Structure formats: C-alpha cells, structure tokens
file upload_8.cif (mmCIF, N, CA and C atoms)
data_upload
loop_
_atom_site.label_atom_id
_atom_site.label_comp_id
_atom_site.auth_asym_id
_atom_site.auth_seq_id
_atom_site.Cartn_x
_atom_site.Cartn_y
_atom_site.Cartn_z
N MET R 173 71.92 7.45 109.79
CA MET R 173 70.54 7.02 109.76
C MET R 173 69.69 8.21 109.37
N SER R 174 68.98 8.08 108.28
CA SER R 174 68.11 9.16 107.84
C SER R 174 66.69 8.63 107.70
N PHE R 175 65.75 9.49 107.94
CA PHE R 175 64.34 9.14 107.88
C PHE R 175 63.69 9.90 106.73
N THR R 176 62.71 9.27 106.16
CA THR R 176 61.89 10.01 105.20
C THR R 176 60.93 10.88 105.99
N GLN R 177 60.31 11.80 105.33
CA GLN R 177 59.37 12.69 106.02
C GLN R 177 58.21 11.88 106.59
N ARG R 178 57.76 10.88 105.87
CA ARG R 178 56.65 10.04 106.33
C ARG R 178 57.04 9.28 107.61
N GLU R 179 58.27 8.73 107.65
CA GLU R 179 58.72 7.99 108.84
C GLU R 179 58.88 8.93 110.03
N ALA R 180 59.39 10.11 109.78
CA ALA R 180 59.56 11.07 110.87
C ALA R 180 58.21 11.46 111.47
N ARG R 181 57.22 11.71 110.62
CA ARG R 181 55.90 12.06 111.13
C ARG R 181 55.30 10.91 111.92
N LYS R 182 55.50 9.68 111.46
CA LYS R 182 54.99 8.51 112.17
C LYS R 182 55.62 8.40 113.56
N LEU R 183 56.94 8.63 113.65
CA LEU R 183 57.62 8.59 114.95
C LEU R 183 57.11 9.68 115.88
N ILE R 184 56.89 10.87 115.36
CA ILE R 184 56.39 11.97 116.18
C ILE R 184 54.99 11.66 116.68
N ARG R 185 54.13 11.11 115.79
CA ARG R 185 52.77 10.75 116.22
C ARG R 185 52.80 9.69 117.32
N LYS R 186 53.70 8.74 117.21
CA LYS R 186 53.83 7.71 118.25
C LYS R 186 54.25 8.33 119.59
N ALA R 187 55.23 9.24 119.53
CA ALA R 187 55.71 9.89 120.76
C ALA R 187 54.61 10.73 121.39
N VAL R 188 53.85 11.45 120.58
CA VAL R 188 52.76 12.28 121.11
C VAL R 188 51.68 11.39 121.71
N ALA R 189 51.43 10.24 121.10
CA ALA R 189 50.41 9.33 121.62
C ALA R 189 50.80 8.75 122.97
N ARG R 190 52.09 8.64 123.25
CA ARG R 190 52.55 8.09 124.53
C ARG R 190 52.42 9.08 125.68
N VAL R 191 52.29 10.36 125.39
CA VAL R 191 52.16 11.38 126.43
C VAL R 191 50.73 11.35 126.96
N PRO R 192 50.57 11.28 128.30
CA PRO R 192 49.22 11.24 128.86
C PRO R 192 48.40 12.48 128.48
N GLU R 193 47.10 12.32 128.47
CA GLU R 193 46.19 13.40 128.10
C GLU R 193 46.34 14.56 129.08
N GLY R 194 46.37 15.75 128.57
CA GLY R 194 46.47 16.93 129.42
C GLY R 194 47.89 17.44 129.59
N GLU R 195 48.90 16.62 129.29
CA GLU R 195 50.29 17.05 129.41
C GLU R 195 50.78 17.56 128.07
N GLU R 196 51.67 18.50 128.12
CA GLU R 196 52.27 19.01 126.89
C GLU R 196 53.62 18.36 126.69
N ILE R 197 53.96 18.11 125.46
CA ILE R 197 55.27 17.56 125.15
C ILE R 197 56.28 18.67 124.87
N ARG R 198 55.81 19.87 124.68
CA ARG R 198 56.68 20.99 124.29
C ARG R 198 57.07 21.86 125.48
N HIS R 199 57.73 21.28 126.45
CA HIS R 199 58.21 22.07 127.58
C HIS R 199 59.61 21.61 127.94
N LEU R 200 60.34 22.46 128.62
CA LEU R 200 61.70 22.17 129.02
C LEU R 200 61.75 22.13 130.54
N ASN R 201 62.20 21.02 131.09
CA ASN R 201 62.34 20.90 132.53
C ASN R 201 63.67 21.52 132.93
N ILE R 202 63.61 22.75 133.45
CA ILE R 202 64.81 23.52 133.71
C ILE R 202 65.36 23.30 135.13
N MET R 203 64.58 22.72 136.01
CA MET R 203 65.02 22.56 137.40
C MET R 203 66.28 21.70 137.55
N PRO R 204 66.38 20.53 136.89
CA PRO R 204 67.63 19.77 137.03
C PRO R 204 68.85 20.54 136.52
N MET R 205 68.66 21.32 135.46
CA MET R 205 69.76 22.11 134.93
C MET R 205 70.18 23.18 135.95
N MET R 206 69.22 23.82 136.60
CA MET R 206 69.54 24.83 137.61
C MET R 206 70.24 24.20 138.81
N ASP R 207 69.84 22.98 139.18
CA ASP R 207 70.51 22.28 140.28
C ASP R 207 71.98 22.04 139.94
N MET R 208 72.24 21.59 138.73
CA MET R 208 73.62 21.33 138.32
C MET R 208 74.43 22.63 138.27
N MET R 209 73.84 23.70 137.78
CA MET R 209 74.55 24.98 137.72
C MET R 209 74.88 25.48 139.12
N THR R 210 73.98 25.28 140.06
CA THR R 210 74.23 25.70 141.45
C THR R 210 75.36 24.89 142.05
N ILE R 211 75.37 23.59 141.81
CA ILE R 211 76.44 22.74 142.33
C ILE R 211 77.78 23.15 141.73
N LEU R 212 77.81 23.40 140.41
CA LEU R 212 79.05 23.84 139.78
C LEU R 212 79.52 25.19 140.30
N LEU R 213 78.59 26.11 140.51
CA LEU R 213 78.95 27.43 141.04
C LEU R 213 79.57 27.32 142.42
N VAL R 214 78.98 26.52 143.29
CA VAL R 214 79.52 26.33 144.63
C VAL R 214 80.91 25.69 144.56
N ALA R 215 81.07 24.70 143.68
CA ALA R 215 82.37 24.03 143.54
C ALA R 215 83.43 25.01 143.03
N PHE R 216 83.09 25.86 142.05
CA PHE R 216 84.05 26.82 141.53
C PHE R 216 84.42 27.88 142.57
N ILE R 217 83.46 28.34 143.33
CA ILE R 217 83.75 29.33 144.38
C ILE R 217 84.64 28.71 145.44
N PHE R 218 84.36 27.47 145.83
CA PHE R 218 85.18 26.78 146.83
C PHE R 218 86.60 26.61 146.30
N GLN R 219 86.75 26.20 145.04
CA GLN R 219 88.07 26.01 144.45
C GLN R 219 88.83 27.33 144.39
N ALA R 220 88.16 28.41 144.03
CA ALA R 220 88.83 29.71 143.97
C ALA R 220 89.27 30.17 145.35
N ALA R 221 88.45 29.91 146.35
CA ALA R 221 88.81 30.32 147.71
C ALA R 221 90.00 29.54 148.23
N THR R 222 90.06 28.23 147.97
CA THR R 222 91.18 27.44 148.48
C THR R 222 92.46 27.72 147.70
N SER R 223 92.35 27.99 146.40
CA SER R 223 93.57 28.28 145.65
C SER R 223 94.08 29.69 145.96
N ALA R 224 93.20 30.60 146.34
CA ALA R 224 93.64 31.95 146.69
C ALA R 224 94.38 31.96 148.02
N THR R 225 93.98 31.13 148.96
CA THR R 225 94.68 31.09 150.25
C THR R 225 96.03 30.40 150.13
N ALA R 226 96.19 29.54 149.13
CA ALA R 226 97.48 28.86 148.95
C ALA R 226 98.53 29.82 148.42
N LEU R 227 98.14 30.84 147.70
CA LEU R 227 99.09 31.81 147.16
C LEU R 227 99.16 33.04 148.05
N THR R 228 99.94 32.97 149.05
CA THR R 228 100.16 34.14 149.91
C THR R 228 101.49 34.78 149.51
N ALA R 229 101.71 35.99 149.93
CA ALA R 229 102.91 36.72 149.53
C ALA R 229 104.19 36.06 150.04
N GLY R 230 104.13 35.39 151.17
CA GLY R 230 105.32 34.76 151.73
C GLY R 230 105.71 33.49 151.01
N SER R 231 104.77 32.83 150.37
CA SER R 231 105.09 31.54 149.75
C SER R 231 105.52 31.68 148.28
N VAL R 232 105.38 32.84 147.70
CA VAL R 232 105.73 33.04 146.30
C VAL R 232 107.20 33.45 146.22
N GLN R 233 107.98 32.73 145.41
CA GLN R 233 109.39 33.06 145.20
C GLN R 233 109.52 33.77 143.86
N LEU R 234 109.86 35.05 143.88
CA LEU R 234 110.02 35.81 142.65
C LEU R 234 111.36 35.47 142.02
N PRO R 235 111.42 35.43 140.69
CA PRO R 235 112.71 35.14 140.04
C PRO R 235 113.67 36.31 140.19
N ARG R 236 114.96 36.00 140.20
CA ARG R 236 115.99 37.02 140.33
C ARG R 236 116.10 37.77 139.01
N SER R 237 116.15 39.05 139.07
CA SER R 237 116.23 39.89 137.87
C SER R 237 117.68 40.16 137.52
N LEU R 238 118.00 40.07 136.25
CA LEU R 238 119.36 40.37 135.81
C LEU R 238 119.60 41.87 135.73
N SER R 239 118.55 42.65 135.68
CA SER R 239 118.73 44.10 135.56
C SER R 239 119.23 44.73 136.85
N ASP R 240 119.17 44.03 137.97
CA ASP R 240 119.68 44.56 139.23
C ASP R 240 121.20 44.42 139.33
N ASP R 241 121.78 43.58 138.49
CA ASP R 241 123.22 43.36 138.52
C ASP R 241 123.95 44.57 137.94
N GLU R 242 125.21 44.68 138.31
CA GLU R 242 126.07 45.72 137.75
C GLU R 242 126.36 45.40 136.29
N LEU R 243 126.47 46.44 135.47
CA LEU R 243 126.81 46.23 134.07
C LEU R 243 128.29 45.88 133.96
N PRO R 244 128.62 44.96 133.04
CA PRO R 244 130.04 44.64 132.85
C PRO R 244 130.79 45.85 132.28
N GLU R 245 132.11 45.82 132.42
CA GLU R 245 132.92 46.92 131.92
C GLU R 245 132.77 47.05 130.42
N GLY R 246 132.64 48.24 129.92
CA GLY R 246 132.53 48.50 128.50
C GLY R 246 131.11 48.41 127.97
N ALA R 247 130.16 48.01 128.79
CA ALA R 247 128.77 47.91 128.33
C ALA R 247 128.09 49.25 128.54
N ALA R 248 127.19 49.58 127.63
CA ALA R 248 126.47 50.85 127.72
C ALA R 248 125.01 50.55 128.00
N ALA R 249 124.40 51.39 128.80
CA ALA R 249 122.97 51.24 129.10
C ALA R 249 122.17 51.93 128.02
N ALA R 250 121.18 51.27 127.50
CA ALA R 250 120.31 51.84 126.47
C ALA R 250 119.02 52.31 127.12
N ARG R 251 118.64 53.53 126.82
CA ARG R 251 117.40 54.08 127.34
C ARG R 251 116.55 54.58 126.20
N SER R 252 115.25 54.37 126.31
CA SER R 252 114.37 54.83 125.25
C SER R 252 113.82 56.20 125.61
N PRO R 253 113.85 57.15 124.66
CA PRO R 253 113.33 58.50 124.95
C PRO R 253 111.80 58.47 125.00
N ARG R 254 111.27 59.19 125.93
CA ARG R 254 109.79 59.27 126.05
C ARG R 254 109.33 60.69 126.04
#
call {"tool": "encode", "arguments": {"input": "upload_8.cif", "output": "structure tokens"}}
result
Amino acid sequence: MSFTQREARKLIRKAVARVPEGEEIRHLNIMPMMDMMTILLVAFIFQAATSATALTAGSVQLPRSLSDDELPEGAAAARSPR
C-alpha cells in the first residue's frame, strides 16, 4: 500500500485535527516501556539466581579424562616445547 504525497498530507492533517487543543502529537510515552523493562530485568535476575543455585559443585558430574589413563605399551608421549 503506497500513498501519494497529497494523500499522506491529508492523513497527517486528519490525525493532527483529532488531537485535542493544547496537546502535542510529537511526544513519546516512555513510562510503559520502562515498566516492561523493569519487569523483564526482575524476571532475568530471578532466573539467573535460580539457575545458579541449581548448579552446585556436588551436582555437576565431570567427564572422565582419557589422559589420566596409562599409555599402552609402545606408545610415546608427545610434548610441545615452550
């Protein structure tokens, strides 16, 4: 849907005419946005706190490392010089 410049100006004039006298149409109501950001912040902090308590050192199972095993016969250990 595209408008000609004349139609766009007509729509803008109609919208401006609907605004009561003394009010500006060129403002941004930021309070609802701040309310939503506060709610999201609280939810994210709560989620981080509950997920952090679920991961304690006793409940985490580390995978077994193959490097702790003995080397098979005939195998050589490779070391990088530093």
call {"tool": "atom_distance", "arguments": {"input": "upload_8.cif", "atom1": "atom CA of Leu183 of chain R", "atom2": "atom CA of Met203 of chain R"}}
result
27.5 Å
call {"tool": "atom_distance", "arguments": {"input": "upload_8.cif", "atom1": "atom CA of Ala215 of chain R", "atom2": "atom CA of Asn201 of chain R"}}
result
23.1 Å
call {"tool": "atom_distance", "arguments": {"input": "upload_8.cif", "atom1": "atom N of Ile217 of chain R", "atom2": "atom N of Gln233 of chain R"}}
result
25.0 Å
